[in-house]
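File shown here: final35.txt, holding compact mmCIF, C-alpha atoms.
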```txt
# COMPACT_ATOMS: atom_id res chain seq x y z
CA MET A 1 -1.80 -45.35 -13.34
CA THR A 2 -1.14 -42.67 -15.96
CA LEU A 3 -1.49 -39.12 -14.72
CA SER A 4 -3.39 -36.43 -16.61
CA ARG A 5 -1.36 -33.58 -18.10
CA SER A 6 -2.56 -31.12 -15.48
CA ASP A 7 -1.70 -33.54 -12.65
CA LEU A 8 1.76 -34.00 -14.12
CA ILE A 9 2.27 -30.24 -14.21
CA GLU A 10 0.99 -29.77 -10.68
CA LEU A 11 3.18 -32.52 -9.25
CA LYS A 12 6.19 -31.13 -11.11
CA VAL A 13 5.57 -27.65 -9.69
CA LEU A 14 5.28 -29.16 -6.23
CA ASN A 15 8.38 -31.27 -6.82
CA LYS A 16 6.49 -34.49 -6.18
CA LEU A 17 7.03 -36.51 -9.39
CA SER A 18 8.34 -40.04 -9.21
CA GLU A 19 11.24 -41.05 -11.46
CA SER A 20 9.02 -42.57 -14.16
CA GLN A 21 6.61 -39.62 -14.03
CA GLU A 22 9.59 -37.28 -14.33
CA ALA A 23 10.59 -39.03 -17.57
CA GLU A 24 7.05 -38.74 -18.90
CA PHE A 25 7.00 -35.07 -17.96
CA ASP A 26 10.34 -34.34 -19.69
CA ASN A 27 9.15 -36.12 -22.78
CA LEU A 28 6.01 -34.00 -22.98
CA LEU A 29 7.94 -30.83 -22.23
CA ASP A 30 10.25 -31.45 -25.20
CA SER A 31 7.61 -32.57 -27.65
CA ASP A 32 4.58 -30.43 -26.87
CA PRO A 33 4.95 -26.61 -26.87
CA THR A 34 1.41 -26.13 -25.50
CA PHE A 35 2.25 -28.36 -22.56
CA ALA A 36 5.50 -26.46 -22.00
CA LYS A 37 3.67 -23.15 -22.02
CA GLU A 38 1.04 -24.42 -19.62
CA PHE A 39 3.74 -25.68 -17.27
CA VAL A 40 5.48 -22.31 -17.19
CA MET A 41 2.17 -20.62 -16.52
CA VAL A 42 1.32 -22.89 -13.58
CA GLN A 43 4.85 -22.54 -12.24
CA ASP A 44 4.60 -18.74 -12.36
CA PHE A 45 1.15 -18.88 -10.85
CA ALA A 46 2.45 -21.01 -7.98
CA ALA A 47 5.15 -18.41 -7.31
CA TYR A 48 2.50 -15.68 -7.22
CA VAL A 49 -0.11 -17.48 -5.13
CA THR A 50 2.24 -18.69 -2.42
CA ASN A 51 3.57 -15.20 -1.68
CA ASP A 52 0.94 -14.02 0.81
CA LYS A 53 2.77 -10.80 1.65
CA VAL A 54 2.75 -9.56 -1.95
CA ILE A 55 -0.87 -10.64 -2.47
CA ASP A 56 -1.94 -8.75 0.65
CA PHE A 57 -0.03 -5.68 -0.51
CA ARG A 58 -1.64 -5.83 -3.96
CA GLU A 59 -5.09 -6.19 -2.40
CA LYS A 60 -4.39 -3.19 -0.20
CA LEU A 61 -3.38 -1.11 -3.24
CA ASP A 62 -6.52 -2.18 -5.11
CA SER A 63 -8.67 -0.96 -2.28
CA LEU A 64 -6.71 2.30 -1.81
CA HIS A 65 -6.89 3.00 -5.53
CA LYS A 66 -10.64 2.51 -5.51
CA ASP A 67 -11.05 4.91 -2.57
CA PHE A 68 -8.68 7.42 -4.13
CA ILE A 69 -10.52 7.47 -7.47
CA THR A 70 -13.92 7.75 -5.74
CA GLU A 71 -12.67 10.67 -3.67
CA LYS A 72 -11.13 12.30 -6.74
CA SER A 73 -14.31 12.06 -8.78
CA ARG A 74 -16.27 13.49 -5.85
CA SER A 75 -14.05 16.56 -5.84
CA LYS A 76 -14.39 16.89 -9.60
CA VAL A 77 -18.17 17.21 -9.21
CA ARG A 78 -17.59 20.58 -7.57
CA PHE A 79 -15.83 21.84 -10.70
CA LEU A 80 -18.32 20.80 -13.38
CA ASN A 81 -18.69 23.41 -16.12
CA ASN A 82 -21.76 25.55 -16.54
CA ASN A 83 -23.82 23.54 -19.02
CA THR A 84 -27.35 23.76 -17.69
CA TRP A 85 -27.85 20.14 -16.80
CA ARG A 86 -24.42 20.00 -15.29
CA LEU A 87 -25.19 23.07 -13.27
CA ILE A 88 -28.35 21.45 -11.99
CA ALA A 89 -26.36 18.34 -11.19
CA SER A 90 -23.84 20.47 -9.35
CA VAL A 91 -26.50 22.24 -7.36
CA ALA A 92 -28.09 18.91 -6.54
CA ALA A 93 -24.74 17.47 -5.55
CA VAL A 94 -23.99 20.47 -3.37
CA LEU A 95 -27.39 20.14 -1.74
CA VAL A 96 -26.81 16.47 -1.07
CA ILE A 97 -23.39 17.22 0.37
CA ALA A 98 -24.77 20.09 2.43
CA LEU A 99 -27.58 17.97 3.82
CA GLY A 100 -25.17 15.14 4.54
CA SER A 101 -22.80 17.55 6.22
CA TYR A 102 -25.62 19.01 8.28
CA PHE A 103 -26.58 15.62 9.63
CA THR A 104 -23.02 14.68 10.48
CA TRP A 105 -22.17 18.12 11.82
CA ASN A 106 -23.74 17.57 15.20
CA GLN A 107 -21.74 14.42 15.74
CA ASN A 108 -18.49 15.95 14.48
CA SER A 109 -18.93 19.11 16.48
CA SER A 110 -19.05 17.17 19.72
CA ALA A 111 -15.82 15.41 18.74
CA ASP A 112 -14.36 18.84 17.93
CA ASN A 113 -15.41 20.22 21.28
CA LEU A 114 -13.92 17.32 23.17
CA TYR A 115 -10.69 17.76 21.24
CA LYS A 116 -10.53 21.49 21.98
CA GLN A 117 -11.30 20.86 25.63
CA TYR A 118 -8.46 18.39 26.10
CA TYR A 119 -5.82 19.49 23.61
CA GLN A 120 -3.00 21.69 24.82
CA THR A 121 0.14 22.30 22.82
CA ASP A 122 3.03 20.56 24.43
CA GLU A 123 5.59 22.75 26.11
CA ILE A 124 9.05 22.42 24.70
CA PHE A 125 11.28 20.13 26.63
CA LEU A 126 14.70 20.88 25.23
CA ASN A 127 16.59 17.65 24.95
CA THR A 128 20.03 18.52 23.74
CA ARG A 129 22.11 15.91 25.47
CA SER A 130 23.34 14.33 22.26
CA GLY A 131 27.09 14.50 21.73
CA ASN A 132 26.61 15.18 18.04
CA SER A 133 26.51 18.95 17.73
CA GLU A 134 25.19 18.95 14.16
CA ILE A 135 22.16 16.90 15.20
CA THR A 136 21.64 19.10 18.25
CA ASP A 137 21.75 22.23 16.10
CA ILE A 138 19.13 20.92 13.69
CA LEU A 139 16.91 19.81 16.54
CA GLU A 140 17.24 23.14 18.31
CA GLN A 141 16.44 25.05 15.15
CA GLY A 142 13.33 22.95 14.71
CA LEU A 143 12.26 23.40 18.33
CA ILE A 144 12.78 27.17 18.19
CA LEU A 145 10.58 27.39 15.08
CA PHE A 146 8.03 25.12 16.75
CA GLU A 147 7.96 27.34 19.81
CA ASN A 148 7.32 30.34 17.56
CA ASP A 149 4.35 28.54 15.99
CA LYS A 150 6.19 28.11 12.68
CA TYR A 151 5.07 24.53 12.36
CA GLU A 152 5.69 23.89 8.64
CA GLU A 153 9.23 25.24 8.89
CA SER A 154 9.91 23.27 12.06
CA ILE A 155 8.86 20.05 10.30
CA ASN A 156 11.52 20.66 7.65
CA TYR A 157 14.13 20.50 10.41
CA PHE A 158 12.61 17.57 12.28
CA GLN A 159 12.51 15.56 9.05
CA GLN A 160 16.25 15.74 8.78
CA LEU A 161 16.46 13.59 11.90
CA PRO A 162 14.39 10.49 11.15
CA LYS A 163 16.09 8.51 13.91
CA SER A 164 15.53 11.08 16.65
CA ILE A 165 12.54 10.28 18.87
CA THR A 166 12.40 13.91 20.00
CA ALA A 167 12.25 15.19 16.42
CA THR A 168 9.64 12.59 15.45
CA TYR A 169 7.51 13.43 18.47
CA TYR A 170 7.57 17.21 17.87
CA SER A 171 7.01 16.64 14.17
CA GLY A 172 3.84 14.79 15.21
CA VAL A 173 2.69 17.69 17.37
CA ALA A 174 3.50 20.15 14.57
CA HIS A 175 1.39 18.14 12.12
CA MET A 176 -1.38 18.12 14.72
CA GLU A 177 -1.20 21.91 14.88
CA LEU A 178 -1.48 22.02 11.09
CA GLY A 179 -4.58 19.84 11.23
CA GLU A 180 -2.82 16.89 9.54
CA TYR A 181 -4.06 14.30 12.01
CA ASP A 182 -3.33 11.21 9.90
CA VAL A 183 0.32 12.19 9.52
CA ALA A 184 0.54 13.13 13.20
CA THR A 185 -0.82 9.70 14.15
CA TYR A 186 1.81 8.06 11.97
CA LYS A 187 4.58 10.02 13.74
CA PHE A 188 3.20 9.20 17.19
CA ASP A 189 3.03 5.53 16.25
CA GLN A 190 6.76 5.63 15.65
CA VAL A 191 7.32 7.13 19.09
CA ILE A 192 4.98 4.67 20.78
CA ASP A 193 6.80 1.82 19.06
CA ASP A 194 9.64 2.26 21.53
CA TYR A 195 8.34 2.01 25.10
CA LEU A 196 11.54 3.29 26.63
CA ASN A 197 11.46 6.94 25.70
CA VAL A 198 10.42 10.10 27.50
CA PHE A 199 7.70 10.94 25.00
CA TYR A 200 5.88 7.62 25.21
CA ASP A 201 2.98 8.84 27.38
CA GLN A 202 2.54 12.11 25.51
CA ALA A 203 2.61 10.44 22.10
CA LYS A 204 -0.04 7.96 23.16
CA TRP A 205 -2.27 10.68 24.59
CA TYR A 206 -1.89 12.88 21.52
CA LYS A 207 -2.60 9.96 19.24
CA GLY A 208 -5.81 9.44 21.20
CA LEU A 209 -6.70 13.11 20.72
CA CYS A 210 -6.01 12.89 16.97
CA LEU A 211 -8.44 9.99 16.77
CA VAL A 212 -11.03 11.93 18.76
CA LYS A 213 -10.64 14.91 16.44
CA GLN A 214 -11.17 12.64 13.43
CA ASP A 215 -14.24 11.19 15.12
CA LYS A 216 -12.72 7.72 15.09
CA ARG A 217 -14.44 6.97 18.38
CA LYS A 218 -13.84 3.26 18.46
CA ASP A 219 -10.08 3.54 17.89
CA ALA A 220 -9.87 6.51 20.26
CA SER A 221 -11.68 4.56 22.99
CA ILE A 222 -9.24 1.66 22.69
CA ILE A 223 -6.18 3.86 23.21
CA LEU A 224 -7.81 5.98 25.93
CA LEU A 225 -8.87 2.88 27.82
CA ASP A 226 -5.31 1.65 27.57
CA ILE A 227 -3.99 4.96 29.00
CA SER A 228 -6.63 5.00 31.76
CA LYS A 229 -5.50 1.57 32.93
CA SER A 230 -1.81 2.49 32.92
CA ASN A 231 0.34 4.66 35.15
CA SER A 232 0.50 7.34 32.49
CA TYR A 233 0.65 11.00 33.40
CA TYR A 234 -2.54 11.34 31.33
CA LYS A 235 -4.41 8.59 33.18
CA GLN A 236 -6.96 10.93 34.76
CA GLN A 237 -7.62 12.94 31.61
CA ALA A 238 -7.94 9.78 29.54
CA THR A 239 -10.50 8.36 31.98
CA GLU A 240 -12.58 11.55 31.86
CA LEU A 241 -12.39 11.85 28.08
CA LEU A 242 -13.30 8.22 27.68
CA LYS A 243 -16.44 8.78 29.75
CA GLU A 244 -17.43 11.80 27.68
CA LEU A 245 -16.73 9.99 24.45
CA ASN A 246 -19.01 7.12 25.34
CA MET B 247 8.80 23.82 -2.99
CA LYS B 248 6.64 22.35 -0.26
CA LYS B 249 8.38 19.51 1.52
CA ASP B 250 6.90 16.01 1.61
CA LYS B 251 5.00 15.16 4.77
CA PHE B 252 7.19 12.11 5.21
CA SER B 253 10.91 11.59 4.90
CA THR B 254 12.23 9.03 2.39
CA GLU B 255 13.01 6.64 5.26
CA GLU B 256 9.47 6.93 6.57
CA ILE B 257 8.00 6.34 3.12
CA LEU B 258 10.12 3.23 2.61
CA GLU B 259 9.23 1.95 6.07
CA GLY B 260 5.56 2.66 5.36
CA ILE B 261 5.68 0.75 2.06
CA ARG B 262 7.56 -2.12 3.71
CA ASN B 263 4.83 -2.41 6.36
CA GLY B 264 1.93 -1.63 4.03
CA ASN B 265 1.00 1.36 6.18
CA ASN B 266 -2.29 2.83 4.96
CA ILE B 267 -1.48 6.42 5.94
CA VAL B 268 1.77 6.43 3.96
CA LEU B 269 0.26 4.61 0.98
CA ARG B 270 -2.68 7.02 0.89
CA PHE B 271 -0.23 9.92 1.05
CA LEU B 272 1.63 8.49 -1.98
CA TYR B 273 -1.60 8.33 -3.96
CA GLU B 274 -2.54 11.88 -3.01
CA ALA B 275 0.91 13.32 -3.62
CA TYR B 276 2.13 11.46 -6.71
CA TYR B 277 -0.68 9.74 -8.58
CA ASP B 278 -1.57 12.71 -10.76
CA SER B 279 2.04 13.29 -11.86
CA ILE B 280 2.38 9.64 -12.87
CA GLU B 281 -0.94 9.67 -14.70
CA ILE B 282 0.17 12.75 -16.69
CA MET B 283 3.48 11.06 -17.56
CA VAL B 284 1.67 7.91 -18.74
CA LEU B 285 -0.90 9.83 -20.78
CA LYS B 286 1.84 11.94 -22.39
CA ASN B 287 3.51 8.71 -23.46
CA LYS B 288 0.47 7.29 -25.25
CA GLY B 289 -0.80 5.33 -22.28
CA THR B 290 -4.34 5.32 -20.90
CA VAL B 291 -5.86 5.98 -17.48
CA GLU B 292 -6.10 2.22 -16.96
CA VAL B 293 -2.40 1.81 -17.82
CA ALA B 294 -1.53 4.61 -15.40
CA LYS B 295 -3.24 2.71 -12.61
CA ASP B 296 -1.29 -0.45 -13.44
CA ILE B 297 2.03 1.38 -13.66
CA PHE B 298 1.56 3.27 -10.39
CA GLN B 299 0.64 0.11 -8.51
CA GLU B 300 3.35 -1.96 -10.12
CA ALA B 301 6.05 0.56 -9.19
CA LEU B 302 4.82 0.45 -5.59
CA VAL B 303 4.87 -3.35 -5.62
CA THR B 304 8.44 -3.25 -6.95
CA ILE B 305 9.51 -0.93 -4.12
CA PHE B 306 7.63 -3.15 -1.64
CA LYS B 307 9.69 -6.12 -2.82
CA MET B 308 12.95 -4.14 -2.81
CA SER B 309 12.23 -2.79 0.66
CA GLN B 310 11.96 -6.28 2.13
CA ALA B 311 15.76 -6.19 2.15
CA LYS B 312 16.45 -4.13 5.29
CA GLU B 313 19.51 -2.49 3.75
CA PHE B 314 17.51 -1.04 0.85
CA ASN B 315 17.56 2.74 0.81
CA ILE B 316 17.31 5.65 -1.61
CA LYS B 317 20.30 7.89 -1.18
CA GLN B 318 21.03 9.45 -4.55
CA SER B 319 17.74 11.27 -5.03
CA SER B 320 14.45 12.23 -3.42
CA PHE B 321 11.80 9.55 -3.12
CA PHE B 322 9.73 11.20 -5.83
CA THR B 323 12.61 11.33 -8.34
CA PHE B 324 13.27 7.66 -7.71
CA PHE B 325 9.60 6.72 -7.92
CA TYR B 326 9.01 8.73 -11.09
CA ALA B 327 11.99 7.10 -12.81
CA LEU B 328 10.81 3.68 -11.69
CA CYS B 329 7.34 4.35 -13.10
CA ARG B 330 8.93 5.36 -16.41
CA ASN B 331 10.94 2.17 -16.48
CA THR B 332 7.86 0.14 -15.65
CA LEU B 333 5.93 1.82 -18.45
CA PHE B 334 8.79 1.10 -20.83
CA MET B 335 8.71 -2.61 -19.87
CA TYR B 336 4.93 -2.60 -20.10
CA PHE B 337 4.96 -1.30 -23.66
CA ARG B 338 7.84 -3.58 -24.58
CA SER B 339 5.74 -6.53 -23.44
CA TYR B 340 2.34 -5.53 -24.71
CA LYS B 341 2.48 -2.69 -27.20
CA LYS B 342 5.76 -2.56 -29.06
CA ASP B 343 4.33 -0.18 -31.67
CA ILE B 344 3.60 2.45 -29.01
CA LEU B 345 7.13 2.22 -27.70
CA LEU B 346 8.45 3.85 -30.88
CA GLN B 347 6.33 6.93 -30.24
CA ALA B 348 6.97 7.18 -26.51
CA THR B 349 10.46 8.60 -26.87
CA GLU B 350 10.62 10.10 -23.40
CA LEU B 351 10.70 6.63 -21.91
CA ILE B 352 13.94 5.64 -23.54
CA GLU B 353 16.05 8.08 -21.56
CA SER B 354 16.12 7.52 -17.84
CA ASP B 355 17.72 9.56 -15.05
CA ILE B 356 18.34 6.53 -12.91
CA GLU B 357 19.89 3.24 -13.96
CA PHE B 358 18.06 0.48 -12.17
CA GLY B 359 20.00 -2.55 -13.35
CA GLU B 360 18.95 -6.04 -14.36
CA ASP B 361 17.68 -7.11 -10.95
CA VAL B 362 15.09 -4.37 -10.88
CA ASP B 363 14.15 -4.96 -14.53
CA SER B 364 13.56 -8.59 -13.68
CA LEU B 365 11.47 -7.61 -10.63
CA ILE B 366 9.37 -5.36 -12.88
CA LYS B 367 8.87 -8.08 -15.48
CA ASP B 368 7.87 -10.63 -12.84
CA GLY B 369 5.59 -8.03 -11.32
CA LEU B 370 3.76 -7.48 -14.62
CA LYS B 371 3.19 -11.24 -14.85
CA GLU B 372 1.98 -11.34 -11.27
CA GLN B 373 -0.37 -8.47 -12.02
CA LEU B 374 -2.04 -10.60 -14.67
CA PHE B 375 -2.42 -13.53 -12.26
CA HIS B 376 -3.66 -11.18 -9.58
CA LYS B 377 -6.33 -9.70 -11.84
CA TYR B 378 -7.85 -13.07 -12.69
CA PHE B 379 -7.23 -14.68 -9.32
CA GLN B 380 -9.49 -12.00 -7.82
CA LEU B 381 -12.20 -12.94 -10.31
CA ILE B 382 -12.56 -16.61 -9.35
CA SER B 383 -14.63 -17.68 -6.35
CA GLU B 384 -13.30 -17.37 -2.81
CA LYS B 385 -13.54 -21.12 -2.38
CA CYS B 386 -11.38 -21.62 -5.48
CA ARG B 387 -8.85 -19.09 -4.24
CA LYS B 388 -8.52 -20.88 -0.91
CA ILE B 389 -8.14 -24.30 -2.51
CA LEU B 390 -5.54 -23.16 -5.04
CA LYS B 391 -3.51 -21.35 -2.40
CA LEU B 392 -3.40 -24.44 -0.23
CA VAL B 393 -2.64 -26.76 -3.18
CA MET B 394 0.25 -24.62 -4.37
CA LYS B 395 1.65 -24.50 -0.86
CA GLY B 396 1.96 -28.29 -1.09
CA ASN B 397 -1.00 -29.38 1.06
CA THR B 398 -2.62 -32.71 0.20
CA ALA B 399 -6.32 -33.04 -0.69
CA VAL B 400 -6.94 -34.73 2.67
CA VAL B 401 -5.44 -31.82 4.59
CA ILE B 402 -7.28 -29.25 2.46
CA ALA B 403 -10.61 -31.04 3.00
CA LYS B 404 -10.02 -30.93 6.74
CA LEU B 405 -8.88 -27.29 6.77
CA LEU B 406 -11.78 -26.01 4.67
CA GLY B 407 -14.43 -28.29 6.15
CA PHE B 408 -15.19 -30.30 2.99
CA THR B 409 -16.66 -33.76 3.38
CA SER B 410 -14.22 -35.61 1.11
CA ASP B 411 -10.78 -35.27 -0.40
CA ALA B 412 -12.24 -36.45 -3.73
CA TYR B 413 -14.30 -33.27 -3.80
CA VAL B 414 -11.15 -31.20 -3.23
CA ARG B 415 -9.37 -32.94 -6.13
CA LYS B 416 -12.29 -32.38 -8.47
CA ARG B 417 -12.76 -28.79 -7.39
CA LYS B 418 -9.04 -28.00 -7.62
CA LYS B 419 -8.93 -29.22 -11.22
CA ILE B 420 -11.94 -27.09 -12.20
CA CYS B 421 -10.57 -24.01 -10.39
CA LEU B 422 -7.15 -24.21 -11.99
CA GLU B 423 -8.54 -24.85 -15.45
CA THR B 424 -11.00 -21.97 -15.15
CA LEU B 425 -8.24 -19.63 -14.02
CA ILE B 426 -5.81 -20.66 -16.76
CA GLU B 427 -8.51 -20.33 -19.39
CA LYS B 428 -9.33 -16.80 -18.24
CA ILE B 429 -5.67 -15.78 -18.25
CA LYS B 430 -5.06 -17.29 -21.68
CA GLN B 431 -7.87 -15.22 -23.12
CA ASP B 432 -6.19 -12.00 -22.03
CA PRO B 433 -4.11 -10.66 -24.95
CA LYS B 434 -1.36 -9.69 -22.50
CA SER B 435 -0.73 -13.34 -21.64
CA LYS B 436 0.54 -14.05 -25.16
CA GLU B 437 3.39 -11.63 -24.65
CA LEU B 438 4.22 -12.20 -21.02
CA LEU B 439 3.70 -15.88 -20.30
```
Written form, structure tokens:
Amino acid sequence: MTLSRSDLIELKVLNKLSESQEAEFDNLLDSDPTFAKEFVMVQDFAAYVTNDKVIDFREKLDSLHKDFITEKSRSKVRFLNNNTWRLIASVAAVLVIALGSYFTWNQNSSADNLYKQYYQTDEIFLNTRSGNSEITDILEQGLILFENDKYEESINYFQQLPKSITATYYSGVAHMELGEYDVATYKFDQVIDDYLNVFYDQAKWYKGLCLVKQDKRKDASIILLDISKSNSYYKQQATELLKELN
Amino acid sequence: MKKDKFSTEEILEGIRNGNNIVLRFLYEAYYDSIEIMVLKNKGTVEVAKDIFQEALVTIFKMSQAKEFNIKQSSFFTFFYALCRNTLFMYFRSYKKDILLQATELIESDIEFGEDVDSLIKDGLKEQLFHKYFQLISEKCRKILKLVMKGNTAVVIAKLLGFTSDAYVRKRKKICLETLIEKIKQDPKSKELL
């Protein structure tokens, strides 16, 4: 049975041609430029479509780009110039935003209150056992600045030690103090990643608080439930907060 | 100058794992600078989007090798140079006339080498496939993925709950032809594929 051109191409890409089909394929490839072009296209397509990791990454970027542009255009609304209709549009937009904010305020304020009730800045636990004095110096500098509430400056020091769990943990707390909860969560995730470290319980608890502050109740509940079932130092607080959250 | 919220290592790790927080940070921190660079070099807002994403995809691929690191410069310097290179390749593929006017692109602070150039070129091709692959039906996407991974029509019918393998064969043919037709109609395909 003679195969169609597209079947020939597909089987070639999948490396499934018989000897006689291979000869037929080669013949077409040499004599028909359109066939050759179509083959290359399907071959390239196969390379693209079988790489799930890259496809997932591209899809993620598509979605982030969409969100980013939407957010950007929302902020631009606030800066529309003073043409009359634009002004009206601005006022209307502000009113819509204000009304929206009013309705969400009640919910957010309870999340805020819970956060304030449970959040306490961590006391410095100086961990300078490392034999490398340069690392210890940088860490100490960062911790001193942290202790003096100079959070931005302390982060600059902590960042120089990406492999230090202590620096990563305090960098997370510093970001929390600066109100950068997303970044703080990212830092705490790195600490939590390694179960065997002294900051494991704290990082988990603080991550939970970051989620509470951002009103991500579902995610916060998951982590708080996890803490409440463990032997964590924060077990009791997590149980109470979980109750209040729900 | 205000420091980045993340260190270069953290950014690379975030890209490698597709971490949303890091990726969102990159959009917030760098997108506008890249858009300005693209617009200054005769590109459009749409091109800026493609270039920004393509540079991230290139770094994603590079970062799959655990030993990959950026040591000679800050992440931003590296990323900016990579975006410039990507724009250069983009114009070289699609709009050669514009390339003559976009003089800034010819000089680059960082030499990336042939491997990276080849990654960028493959990425631009992939971008074209990606654009049209997202436009065909979900059923088509599933079938084509499974076909290209070497599954037989019988297996695909079973996996996707179709009643017959003949249906899968017929559907596969239509899906692939539709996709190729769409791609061929894009002017970019003439230059890249």
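Counting only C-alpha atoms and comparing B:Asn331, B:Ser410, B:Ser383, B:Thr290, the residue that lies closest to B:Thr304 is B:Asn331.
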For this session: Write out as a PyMOL selection string every residue belonging to chain A that has an atom at most 8 Å from any atom of chain B, counting all atoms listed in the file.
Result: chain A and resi 6+14+37+40-41+44-46+48-50+54-55+57-58+60-61+64-65+68+156+159-160+162+182-183+186
For this session: Give me, please, the distance in Å between atom CA of A:Glu22 and atom CA of A:Leu3, quoted to one decimal.
Result: 11.2 Å
Exercise. Expressed in Å to a single decimal, how great is the separation between atom CA of B:Gly359 and atom CA of B:Met308?
Worked result: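 It comes out at 12.8 Å.
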Problem set entry | Point-to-point distance from atom CA of A:Ala203 to atom CA of A:Lys235, Å rounded to tenths |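 Taking atom CA of A:Ala203 as the start and atom CA of A:Lys235 as the end point, the length is 13.2 Å.
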Exercise. Near A:Val13, counting all atoms listed in the file, which residues have an atom at most 8 Å away, once you skip same-chain residues fewer than 2 positions from it, shown as a PyMOL selection string?
Worked result: chain A and resi 9-11+15-16+42-43+46
Exercise. Which residues come within 10 Å of A:Leu143, counting all atoms listed in the file, excluding same-chain residues fewer than 3 positions away, as a list in words?
Worked result: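 Those residues are Ile124, Phe125, Leu126, Asn127, Asp137, Ile138, Leu139, Glu140, Phe146, Glu147, Asn148, Asp149, Lys150, Tyr151, Ser154, Ile155, Tyr157, Phe158, Thr166, Ala167, Tyr170 and Ser171 of chain A.
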For B:Ala399, list every protein, DNA or RNA residue within 8 Å, evaluated using only C-alpha atoms, and leave out those in the same chain fewer than 3 positions away; present the list as an mmCIF file with C-alpha atoms, in the frame of the given file.
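Saved file out-v9.cif follows:
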```cif
data_model
loop_
_atom_site.group_PDB
_atom_site.id
_atom_site.type_symbol
_atom_site.label_atom_id
_atom_site.label_comp_id
_atom_site.auth_asym_id
_atom_site.auth_seq_id
_atom_site.Cartn_x
_atom_site.Cartn_y
_atom_site.Cartn_z
ATOM 1 C CA VAL B 393 -2.640 -26.760 -3.180
ATOM 2 C CA ILE B 402 -7.280 -29.250 2.460
ATOM 3 C CA ALA B 403 -10.610 -31.040 3.000
ATOM 4 C CA ASP B 411 -10.780 -35.270 -0.400
ATOM 5 C CA ALA B 412 -12.240 -36.450 -3.730
ATOM 6 C CA VAL B 414 -11.150 -31.200 -3.230
ATOM 7 C CA ARG B 415 -9.370 -32.940 -6.130
#
```
So that all listed atoms of stretch 152-165 of chain A fit with 3 Å spare on each side, what axis-aligned box centre and edge lengths in Å, to one decimal, would you give as lines of an AutoDock Vina configuration file?
```
center_x = 11.1
center_y = 16.9
center_z = 13.3
size_x = 16.8
size_y = 22.7
size_z = 17.2
```
For this session: Rank A:Ile165, A:Ile222, A:Ala184, A:Lys213 by their smallest atom-to-atom distance to A:Phe199, using all atoms listed in the file, and report the top residue only.
Result: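 Smallest separation from A:Phe199 among the options: A:Ile165.
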For this session: Determine, counting all atoms listed in the file, every residue of protein, DNA or RNA that lies within 12 Å of (-10.5, 10.9, -16.6) in the file coordinates, then give the result as a count of residues only.
Result: 14
